[in-house]
>>> print(open('upload01.tsv').read())   # TSV, C-alpha atoms
chain	number	residue	atom	x	y	z
A	253	MET	CA	49.26	64.17	87.78
A	254	PHE	CA	50.39	63.47	91.35
A	255	LYS	CA	50.38	66.53	93.63
A	256	GLY	CA	51.78	67.30	97.08
A	257	ARG	CA	52.89	64.76	99.73
A	258	LYS	CA	56.54	65.87	99.60
A	259	LYS	CA	57.27	65.06	103.26
A	260	GLU	CA	55.47	61.73	103.07
A	261	LEU	CA	57.44	60.71	99.98
A	262	GLU	CA	60.67	61.72	101.70
A	263	LEU	CA	59.81	59.42	104.64
A	264	LEU	CA	59.09	56.52	102.30
A	265	GLU	CA	62.34	57.09	100.40
A	266	ASP	CA	64.34	57.24	103.65
A	267	LEU	CA	62.87	53.92	104.75
A	268	TYR	CA	63.53	52.44	101.31
A	269	ASP	CA	67.17	53.58	101.39
A	270	SER	CA	67.73	51.93	104.75
A	271	LYS	CA	70.02	48.92	104.69
A	272	GLN	CA	67.87	47.00	107.16
A	273	PHE	CA	64.36	45.64	107.62
A	274	GLU	CA	61.75	48.39	107.78
A	275	PHE	CA	58.05	48.11	108.58
A	276	LEU	CA	55.74	51.08	107.94
A	277	VAL	CA	52.12	51.21	109.10
A	278	LEU	CA	50.28	53.64	106.82
A	279	TYR	CA	46.68	54.60	107.48
A	280	GLY	CA	44.12	57.32	106.94
A	281	ARG	CA	40.46	57.81	106.10
A	282	ARG	CA	39.07	56.63	102.78
A	283	ARG	CA	39.82	58.73	99.69
A	284	VAL	CA	42.69	60.60	101.38
A	285	GLY	CA	45.18	59.27	98.81
A	286	LYS	CA	47.03	56.39	100.49
A	287	THR	CA	47.08	54.11	97.46
A	288	GLU	CA	48.07	56.96	95.13
A	289	LEU	CA	50.92	57.87	97.48
A	290	LEU	CA	52.17	54.28	97.44
A	291	LYS	CA	51.87	54.08	93.66
A	292	GLU	CA	53.85	57.31	93.29
A	293	PHE	CA	56.53	56.04	95.66
A	294	THR	CA	56.89	52.70	93.87
A	295	LYS	CA	56.55	53.90	90.26
A	296	ASN	CA	60.30	53.54	89.58
A	297	LYS	CA	60.69	50.47	91.77
A	298	LYS	CA	59.50	46.90	91.51
A	299	PRO	CA	57.18	46.36	94.47
A	300	LEU	CA	55.27	43.27	95.47
A	301	PHE	CA	51.95	45.14	95.65
A	302	PHE	CA	48.85	43.35	96.90
A	303	SER	CA	45.46	45.03	97.35
A	304	ALA	CA	43.18	43.02	99.63
A	305	GLN	CA	39.46	43.07	98.99
A	306	GLU	CA	36.38	42.81	101.16
A	307	LYS	CA	35.85	39.08	100.72
A	308	ASN	CA	36.53	35.85	102.58
A	309	ASP	CA	39.97	34.72	103.70
A	310	SER	CA	40.27	31.91	101.17
A	311	LEU	CA	39.68	34.26	98.22
A	312	ASN	CA	42.17	36.83	99.52
A	313	LEU	CA	44.74	34.05	100.03
A	314	LEU	CA	44.11	32.87	96.47
A	315	ASP	CA	44.63	36.40	95.13
A	316	PHE	CA	47.78	36.80	97.23
A	317	SER	CA	49.10	33.46	95.95
A	318	LYS	CA	48.59	34.60	92.35
A	319	THR	CA	50.23	37.97	93.02
A	320	VAL	CA	53.28	36.47	94.74
A	321	GLN	CA	53.88	33.66	92.28
A	322	THR	CA	53.45	35.91	89.26
A	323	TYR	CA	55.81	38.45	90.82
A	324	PHE	CA	58.64	36.01	91.50
A	325	ASP	CA	58.13	33.30	88.88
A	326	ASN	CA	55.91	34.91	86.24
A	327	ASP	CA	53.60	31.93	86.67
A	328	PHE	CA	50.76	30.65	88.88
A	329	PHE	CA	51.08	27.07	90.09
A	330	GLY	CA	48.30	26.95	92.67
A	331	GLU	CA	46.98	28.46	95.89
A	332	PHE	CA	49.17	28.21	99.00
A	333	SER	CA	47.68	26.03	101.73
A	334	ASP	CA	47.76	28.89	104.27
A	335	TRP	CA	49.24	32.33	104.93
A	336	GLU	CA	52.26	30.92	106.77
A	337	THR	CA	53.25	28.96	103.69
A	338	ALA	CA	52.70	31.99	101.46
A	339	LEU	CA	54.96	34.19	103.60
A	340	LYS	CA	57.62	31.49	103.83
A	341	TYR	CA	57.61	31.39	100.03
A	342	VAL	CA	58.23	35.15	99.97
A	343	THR	CA	61.11	34.67	102.41
A	344	SER	CA	62.66	31.98	100.23
A	345	LYS	CA	62.56	34.28	97.21
A	346	ALA	CA	63.99	37.35	98.95
A	347	THR	CA	67.52	38.16	97.78
A	348	GLU	CA	70.07	40.76	98.78
A	349	ASP	CA	68.24	43.32	96.64
A	350	ARG	CA	65.75	45.60	98.37
A	351	LEU	CA	62.27	44.03	98.35
A	352	VAL	CA	59.26	46.31	98.85
A	353	ILE	CA	56.13	44.48	100.03
A	354	VAL	CA	52.94	46.55	100.09
A	355	ILE	CA	49.70	45.12	101.43
A	356	ASP	CA	46.90	47.60	100.84
A	357	GLU	CA	43.68	47.44	102.89
A	358	PHE	CA	45.17	45.02	105.41
A	359	PRO	CA	42.02	45.23	107.61
A	360	TYR	CA	40.08	43.31	104.96
A	361	ILE	CA	42.38	40.33	105.56
A	362	ALA	CA	42.52	40.71	109.33
A	363	SER	CA	38.74	40.93	109.72
A	364	GLU	CA	38.37	37.49	108.12
A	365	ASN	CA	41.47	35.86	109.62
A	366	LYS	CA	41.96	36.61	113.31
A	367	SER	CA	45.39	34.96	113.34
A	368	ILE	CA	46.93	36.96	110.47
A	369	LYS	CA	48.52	39.54	112.78
A	370	SER	CA	50.25	36.79	114.75
A	371	ILE	CA	51.36	35.16	111.50
A	372	PHE	CA	52.98	38.40	110.33
A	373	GLN	CA	54.51	38.94	113.77
A	374	HIS	CA	56.11	35.50	113.74
A	375	THR	CA	57.33	35.98	110.16
A	376	ILE	CA	58.88	39.35	111.00
A	377	ASP	CA	60.56	38.08	114.17
A	378	HIS	CA	61.94	34.83	112.74
A	379	GLN	CA	62.37	35.42	109.00
A	380	TRP	CA	62.24	39.01	107.81
A	381	LYS	CA	64.19	40.94	110.45
A	382	GLU	CA	67.46	39.89	108.87
A	383	LYS	CA	66.24	40.39	105.30
A	384	ASN	CA	66.53	43.43	103.05
A	385	ILE	CA	62.76	43.94	103.13
A	386	PHE	CA	60.60	47.05	103.37
A	387	LEU	CA	57.10	46.05	104.48
A	388	VAL	CA	54.12	48.42	104.27
A	389	LEU	CA	50.75	47.56	105.81
A	390	CYS	CA	48.11	50.05	104.73
A	391	GLY	CA	44.51	50.52	105.85
A	392	SER	CA	41.57	52.90	105.70
A	393	SER	CA	40.09	51.95	109.06
A	394	VAL	CA	41.87	54.38	111.35
A	395	SER	CA	40.55	52.80	114.55
A	396	PHE	CA	41.62	49.32	113.41
A	397	MET	CA	45.11	50.38	112.37
A	398	GLU	CA	45.70	52.32	115.57
A	399	GLY	CA	44.19	49.71	117.89
A	400	GLU	CA	44.71	46.35	116.19
A	401	VAL	CA	48.06	46.96	114.46
A	402	LEU	CA	49.83	49.67	116.46
A	403	GLY	CA	48.05	49.09	119.77
A	404	SER	CA	49.82	47.60	122.78
A	405	LYS	CA	47.61	44.49	122.75
A	406	SER	CA	48.35	43.71	119.11
A	407	PRO	CA	50.79	40.90	118.22
A	408	LEU	CA	52.43	43.44	115.90
A	409	TYR	CA	53.03	45.94	118.69
A	410	GLY	CA	56.63	47.15	118.66
A	411	ARG	CA	57.42	45.59	115.30
A	412	SER	CA	56.81	48.66	113.12
A	413	THR	CA	59.79	50.94	112.56
A	414	ALA	CA	57.59	53.85	111.44
A	415	HIS	CA	53.95	54.80	111.20
A	416	LEU	CA	52.17	57.50	109.25
A	417	GLU	CA	48.59	58.74	109.41
A	418	LEU	CA	47.91	60.37	106.06
A	419	LYS	CA	45.91	63.55	106.59
A	420	ALA	CA	43.92	65.72	104.22
A	421	PHE	CA	45.77	68.38	102.23
A	422	ASP	CA	46.10	71.86	103.68
A	423	TYR	CA	45.01	74.91	101.68
A	424	PHE	CA	48.33	75.29	99.86
A	425	ASP	CA	48.43	71.75	98.51
A	426	SER	CA	44.71	71.84	97.73
A	427	ALA	CA	45.27	74.99	95.67
A	428	LEU	CA	47.57	73.02	93.35
A	429	PHE	CA	44.47	71.34	91.90
A	430	PHE	CA	43.11	74.68	90.65
A	431	PRO	CA	45.84	76.49	88.69
A	432	GLU	CA	43.23	78.47	86.71
A	433	TYR	CA	41.43	79.82	89.77
A	434	SER	CA	42.07	83.11	91.53
A	435	ASN	CA	43.26	82.95	95.14
A	436	GLU	CA	39.72	83.71	96.29
A	437	GLU	CA	38.30	80.88	94.17
A	438	LYS	CA	40.96	78.49	95.44
A	439	LEU	CA	39.93	79.32	98.99
A	440	MET	CA	36.26	78.80	98.13
A	441	ALA	CA	37.02	75.41	96.57
A	442	TYR	CA	39.01	74.39	99.66
A	443	GLY	CA	36.15	75.52	101.91
A	444	ILE	CA	33.68	73.41	99.93
A	445	LEU	CA	35.76	70.29	99.33
A	446	GLY	CA	38.25	70.20	102.17
A	447	GLY	CA	41.63	68.67	101.44
A	448	ILE	CA	40.55	65.23	100.22
A	449	PRO	CA	42.33	64.60	96.88
A	450	CYS	CA	39.48	62.54	95.44
A	451	TYR	CA	37.04	65.39	96.06
A	452	LEU	CA	39.41	68.03	94.75
A	453	GLN	CA	39.83	66.11	91.50
A	454	ALA	CA	36.08	66.16	90.95
A	455	PHE	CA	36.15	69.91	90.27
A	456	ASP	CA	37.41	71.16	86.89
A	457	SER	CA	39.50	74.29	87.39
A	458	GLU	CA	38.71	75.37	83.82
A	459	LYS	CA	35.02	75.67	84.75
A	460	PRO	CA	33.56	78.37	87.01
A	461	ILE	CA	33.20	77.29	90.61
A	462	GLU	CA	29.40	77.72	90.46
A	463	LYS	CA	29.19	75.33	87.53
A	464	ASN	CA	31.30	72.76	89.38
A	465	ILE	CA	28.94	72.98	92.35
A	466	ALA	CA	25.91	72.50	90.10
A	467	ARG	CA	27.42	69.57	88.19
A	468	GLU	CA	29.41	67.73	90.86
A	469	ILE	CA	27.46	68.37	94.08
A	470	LEU	CA	23.85	69.34	93.39
A	471	ARG	CA	23.06	67.19	90.36
A	472	GLU	CA	21.24	63.92	91.10
A	473	GLY	CA	23.55	60.94	90.73
A	474	SER	CA	26.74	62.97	91.00
A	475	PHE	CA	29.61	61.48	93.01
A	476	LEU	CA	29.86	64.27	95.58
A	477	LYS	CA	26.10	64.45	96.16
A	478	ASP	CA	26.00	60.83	97.27
A	479	GLU	CA	29.37	60.82	99.02
A	480	PRO	CA	28.27	62.01	102.51
A	481	ILE	CA	25.76	59.20	103.07
A	482	ASN	CA	28.07	56.64	101.46
A	483	PHE	CA	30.89	57.73	103.75
A	484	LEU	CA	28.67	57.46	106.83
A	485	LYS	CA	27.57	53.97	105.80
A	486	GLN	CA	31.20	52.88	105.49
A	487	GLU	CA	32.36	54.36	108.77
A	488	LEU	CA	29.40	53.94	111.13
A	489	ARG	CA	27.29	51.00	112.25
A	490	GLU	CA	24.10	53.06	112.62
A	491	PRO	CA	24.22	55.93	110.10
A	492	ALA	CA	20.56	56.78	110.73
A	493	ILE	CA	21.47	58.14	114.18
A	494	TYR	CA	24.09	60.46	112.71
A	495	ASN	CA	21.86	61.51	109.81
>>> encode(input="upload01.tsv", output="structure tokens")
Amino acid sequence: MFKGRKKELELLEDLYDSKQFEFLVLYGRRRVGKTELLKEFTKNKKPLFFSAQEKNDSLNLLDFSKTVQTYFDNDFFGEFSDWETALKYVTSKATEDRLVIVIDEFPYIASENKSIKSIFQHTIDHQWKEKNIFLVLCGSSVSFMEGEVLGSKSPLYGRSTAHLELKAFDYFDSALFFPEYSNEEKLMAYGILGGIPCYLQAFDSEKPIEKNIAREILREGSFLKDEPINFLKQELREPAIYN
């Protein structure tokens, strides 16, 4: 069950209800709940939702081609020759109805294709600004999204109409994950796990907090036991220094 994020959902709905082109840059550290927020926002809508993966540009373009063609035509007739052609196809299919385009983990595309930001900039300026489109570019690399998408040297600088860094839950929203706990136990769980939804979900509020610690943090092979080093490996070039 989705919890919290009331203000964030209100922002997304306001942008959706706009009668003009909107472009949201959404970012935040891994496991903070960006994808779940977008899924909750779009659950009663019909979004063009593409999740990029950490692979080469050709394979991501192939996946995007399949996603787009299936979305509009319920069929796949072949990979687009390049990203410009793919985005032109989206433009040609856009109608007067509101079209939500979500590209999750945009940095995976941009790291393999250095021109993709300029391609989106050109598409926005010359094709989408007059369309009833709500574009969301989402990413887990905070430094990339702030510097390479929102930064003044980025081709996309000045094109976004809103940006949102998704932060960890505060104590009150974190407490929603533990309806069976006392206030003291809720505070203990928040102190241990922080406000990261993925971590909060790992604890079972029907089990004593000590048992959750033993099973989900101390036990060999448990998700939370391995998470610190895995997180460092994802975020840092030389994790050994920080270890």
>>> residues_around(input="upload01.tsv", residues="stretch 363-375 of chain A", least_positions_apart="2", cutoff="12 Å", atoms="all atoms listed in the file", output="count of residues only")
55
>>> atom_distance(input="upload01.tsv", atom1="atom CA of A:Tyr442", atom2="atom CA of A:Ala427")
7.4 Å
>>> closest_residue(input="upload01.tsv", among="A:Phe302, A:Phe483, A:Phe455, A:Phe273", to="A:Leu351", atoms="all atoms listed in the file")
A:Phe273
>>> residues_around(input="upload01.tsv", residues="stretch 471-479 of chain A", least_positions_apart="3", cutoff="12 Å", atoms="only C-alpha atoms", output="ChimeraX atom specification")
/A:282-283,444-445,448,450-455,463-468,482-486
>>> atom_distance(input="upload01.tsv", atom1="atom CA of A:Asp325", atom2="atom CA of A:Val354")
18.1 Å
>>> residues_near_point(input="upload01.tsv", point="(49.6, 65.9, 95.7)", cutoff="12 Å", atoms="all atoms listed in the file", output="ChimeraX atom specification")
/A:253-261,284-286,288-289,292,418-429,447-450,452-453
>>> atom_distance(input="upload01.tsv", atom1="atom CA of A:Thr413", atom2="atom CA of A:Glu265")
13.9 Å
>>> closest_residue(input="upload01.tsv", among="A:Asn384, A:Ser392, A:Thr347, A:Asn435", to="A:Leu278", atoms="only C-alpha atoms")
A:Ser392
>>> closest_residue(input="upload01.tsv", among="A:Arg489, A:Val394, A:Ile353, A:Glu437", to="A:Tyr323", atoms="all atoms listed in the file")
A:Ile353
>>> closest_residue(input="upload01.tsv", among="A:Val277, A:Leu264, A:Ser270, A:Val352", to="A:Phe293", atoms="all atoms listed in the file")
A:Leu264
>>> closest_residue(input="upload01.tsv", among="A:Phe324, A:Gln272, A:Ile461, A:Leu416", to="A:Lys438", atoms="all atoms listed in the file")
A:Ile461
>>> decode(input="upload01.tsv", residues="stretch 331-365 of chain A", atoms="N, CA, C and O atoms", output="short mmCIF file (atom, residue, chain, number, x, y, z; two decimals), in the first residue's frame")
data_model
loop_
_atom_site.label_atom_id
_atom_site.label_comp_id
_atom_site.auth_asym_id
_atom_site.auth_seq_id
_atom_site.Cartn_x
_atom_site.Cartn_y
_atom_site.Cartn_z
N GLU A 331 12.79 -1.29 -34.85
CA GLU A 331 13.52 -0.25 -34.11
C GLU A 331 13.64 1.03 -34.93
O GLU A 331 13.89 1.00 -36.13
N PHE A 332 13.45 2.17 -34.27
CA PHE A 332 13.67 3.46 -34.93
C PHE A 332 15.16 3.62 -35.24
O PHE A 332 16.02 3.08 -34.52
N SER A 333 15.48 4.34 -36.28
CA SER A 333 16.87 4.49 -36.70
C SER A 333 17.69 5.29 -35.68
O SER A 333 18.89 5.08 -35.54
N ASP A 334 17.04 6.22 -34.97
CA ASP A 334 17.74 7.03 -33.98
C ASP A 334 16.70 7.65 -33.04
O ASP A 334 15.50 7.52 -33.24
N TRP A 335 17.19 8.34 -32.01
CA TRP A 335 16.29 8.94 -31.02
C TRP A 335 15.48 10.08 -31.60
O TRP A 335 14.33 10.29 -31.21
N GLU A 336 16.04 10.83 -32.54
CA GLU A 336 15.28 11.92 -33.16
C GLU A 336 14.03 11.38 -33.85
O GLU A 336 12.93 11.93 -33.70
N THR A 337 14.21 10.29 -34.57
CA THR A 337 13.07 9.68 -35.27
C THR A 337 12.04 9.16 -34.29
O THR A 337 10.83 9.31 -34.49
N ALA A 338 12.52 8.57 -33.19
CA ALA A 338 11.60 8.04 -32.18
C ALA A 338 10.76 9.15 -31.56
O ALA A 338 9.54 9.01 -31.38
N LEU A 339 11.39 10.29 -31.25
CA LEU A 339 10.66 11.39 -30.63
C LEU A 339 9.73 12.08 -31.63
O LEU A 339 8.65 12.55 -31.25
N LYS A 340 10.12 12.12 -32.88
CA LYS A 340 9.23 12.66 -33.91
C LYS A 340 7.98 11.80 -34.05
O LYS A 340 6.87 12.29 -34.27
N TYR A 341 8.16 10.49 -33.91
CA TYR A 341 7.02 9.57 -33.96
C TYR A 341 6.05 9.85 -32.81
O TYR A 341 4.83 9.88 -33.00
N VAL A 342 6.60 10.10 -31.62
CA VAL A 342 5.76 10.45 -30.47
C VAL A 342 4.99 11.73 -30.77
O VAL A 342 3.79 11.83 -30.50
N THR A 343 5.69 12.72 -31.33
CA THR A 343 5.03 13.99 -31.68
C THR A 343 3.87 13.76 -32.64
O THR A 343 2.79 14.34 -32.49
N SER A 344 4.09 12.92 -33.63
CA SER A 344 3.06 12.68 -34.65
C SER A 344 1.83 11.99 -34.07
O SER A 344 0.73 12.12 -34.61
N LYS A 345 2.02 11.27 -32.98
CA LYS A 345 0.91 10.54 -32.37
C LYS A 345 0.20 11.34 -31.27
O LYS A 345 -0.88 10.95 -30.81
N ALA A 346 0.81 12.42 -30.82
CA ALA A 346 0.21 13.23 -29.76
C ALA A 346 -1.07 13.90 -30.27
O ALA A 346 -1.09 14.49 -31.36
N THR A 347 -2.12 13.81 -29.48
CA THR A 347 -3.41 14.40 -29.84
C THR A 347 -3.71 15.55 -28.90
O THR A 347 -2.84 16.02 -28.16
N GLU A 348 -4.94 16.00 -28.89
CA GLU A 348 -5.33 17.06 -27.98
C GLU A 348 -5.47 16.57 -26.55
O GLU A 348 -5.51 17.36 -25.61
N ASP A 349 -5.56 15.24 -26.36
CA ASP A 349 -5.65 14.68 -25.01
C ASP A 349 -4.30 14.79 -24.31
O ASP A 349 -3.24 14.75 -24.94
N ARG A 350 -4.34 14.91 -22.99
CA ARG A 350 -3.12 15.03 -22.21
C ARG A 350 -2.29 13.76 -22.35
O ARG A 350 -2.76 12.65 -22.13
N LEU A 351 -1.01 13.93 -22.72
CA LEU A 351 -0.09 12.80 -22.86
C LEU A 351 0.99 12.92 -21.80
O LEU A 351 1.72 13.91 -21.76
N VAL A 352 1.09 11.90 -20.94
CA VAL A 352 2.12 11.86 -19.91
C VAL A 352 3.25 10.96 -20.41
O VAL A 352 3.03 9.78 -20.71
N ILE A 353 4.45 11.52 -20.50
CA ILE A 353 5.63 10.76 -20.92
C ILE A 353 6.60 10.70 -19.74
O ILE A 353 7.09 11.73 -19.28
N VAL A 354 6.85 9.51 -19.24
CA VAL A 354 7.77 9.32 -18.12
C VAL A 354 8.97 8.52 -18.59
O VAL A 354 8.82 7.42 -19.12
N ILE A 355 10.15 9.08 -18.41
CA ILE A 355 11.38 8.35 -18.71
C ILE A 355 12.14 8.20 -17.40
O ILE A 355 12.71 9.16 -16.87
N ASP A 356 12.11 6.98 -16.88
CA ASP A 356 12.75 6.68 -15.60
C ASP A 356 14.22 6.31 -15.84
O ASP A 356 14.55 5.67 -16.83
N GLU A 357 15.07 6.71 -14.90
CA GLU A 357 16.52 6.48 -14.98
C GLU A 357 17.11 7.04 -16.29
O GLU A 357 17.86 6.38 -17.00
N PHE A 358 16.78 8.28 -16.54
CA PHE A 358 17.30 8.99 -17.72
C PHE A 358 18.83 8.99 -17.80
O PHE A 358 19.39 8.91 -18.91
N PRO A 359 19.57 9.05 -16.67
CA PRO A 359 21.03 9.03 -16.76
C PRO A 359 21.59 7.79 -17.46
O PRO A 359 22.68 7.86 -18.04
N TYR A 360 20.88 6.67 -17.42
CA TYR A 360 21.36 5.48 -18.11
C TYR A 360 21.41 5.71 -19.62
O TYR A 360 22.29 5.18 -20.31
N ILE A 361 20.48 6.48 -20.15
CA ILE A 361 20.49 6.81 -21.57
C ILE A 361 21.58 7.84 -21.85
O ILE A 361 22.38 7.70 -22.78
N ALA A 362 21.60 8.89 -21.03
CA ALA A 362 22.52 10.01 -21.28
C ALA A 362 23.99 9.61 -21.15
O ALA A 362 24.86 10.18 -21.80
N SER A 363 24.28 8.62 -20.30
CA SER A 363 25.68 8.21 -20.13
C SER A 363 26.21 7.50 -21.37
O SER A 363 27.41 7.49 -21.64
N GLU A 364 25.31 6.90 -22.16
CA GLU A 364 25.70 6.17 -23.36
C GLU A 364 25.54 7.00 -24.63
O GLU A 364 26.11 6.68 -25.66
N ASN A 365 24.72 8.05 -24.54
CA ASN A 365 24.46 8.89 -25.72
C ASN A 365 24.62 10.35 -25.30
O ASN A 365 23.72 10.94 -24.70
#
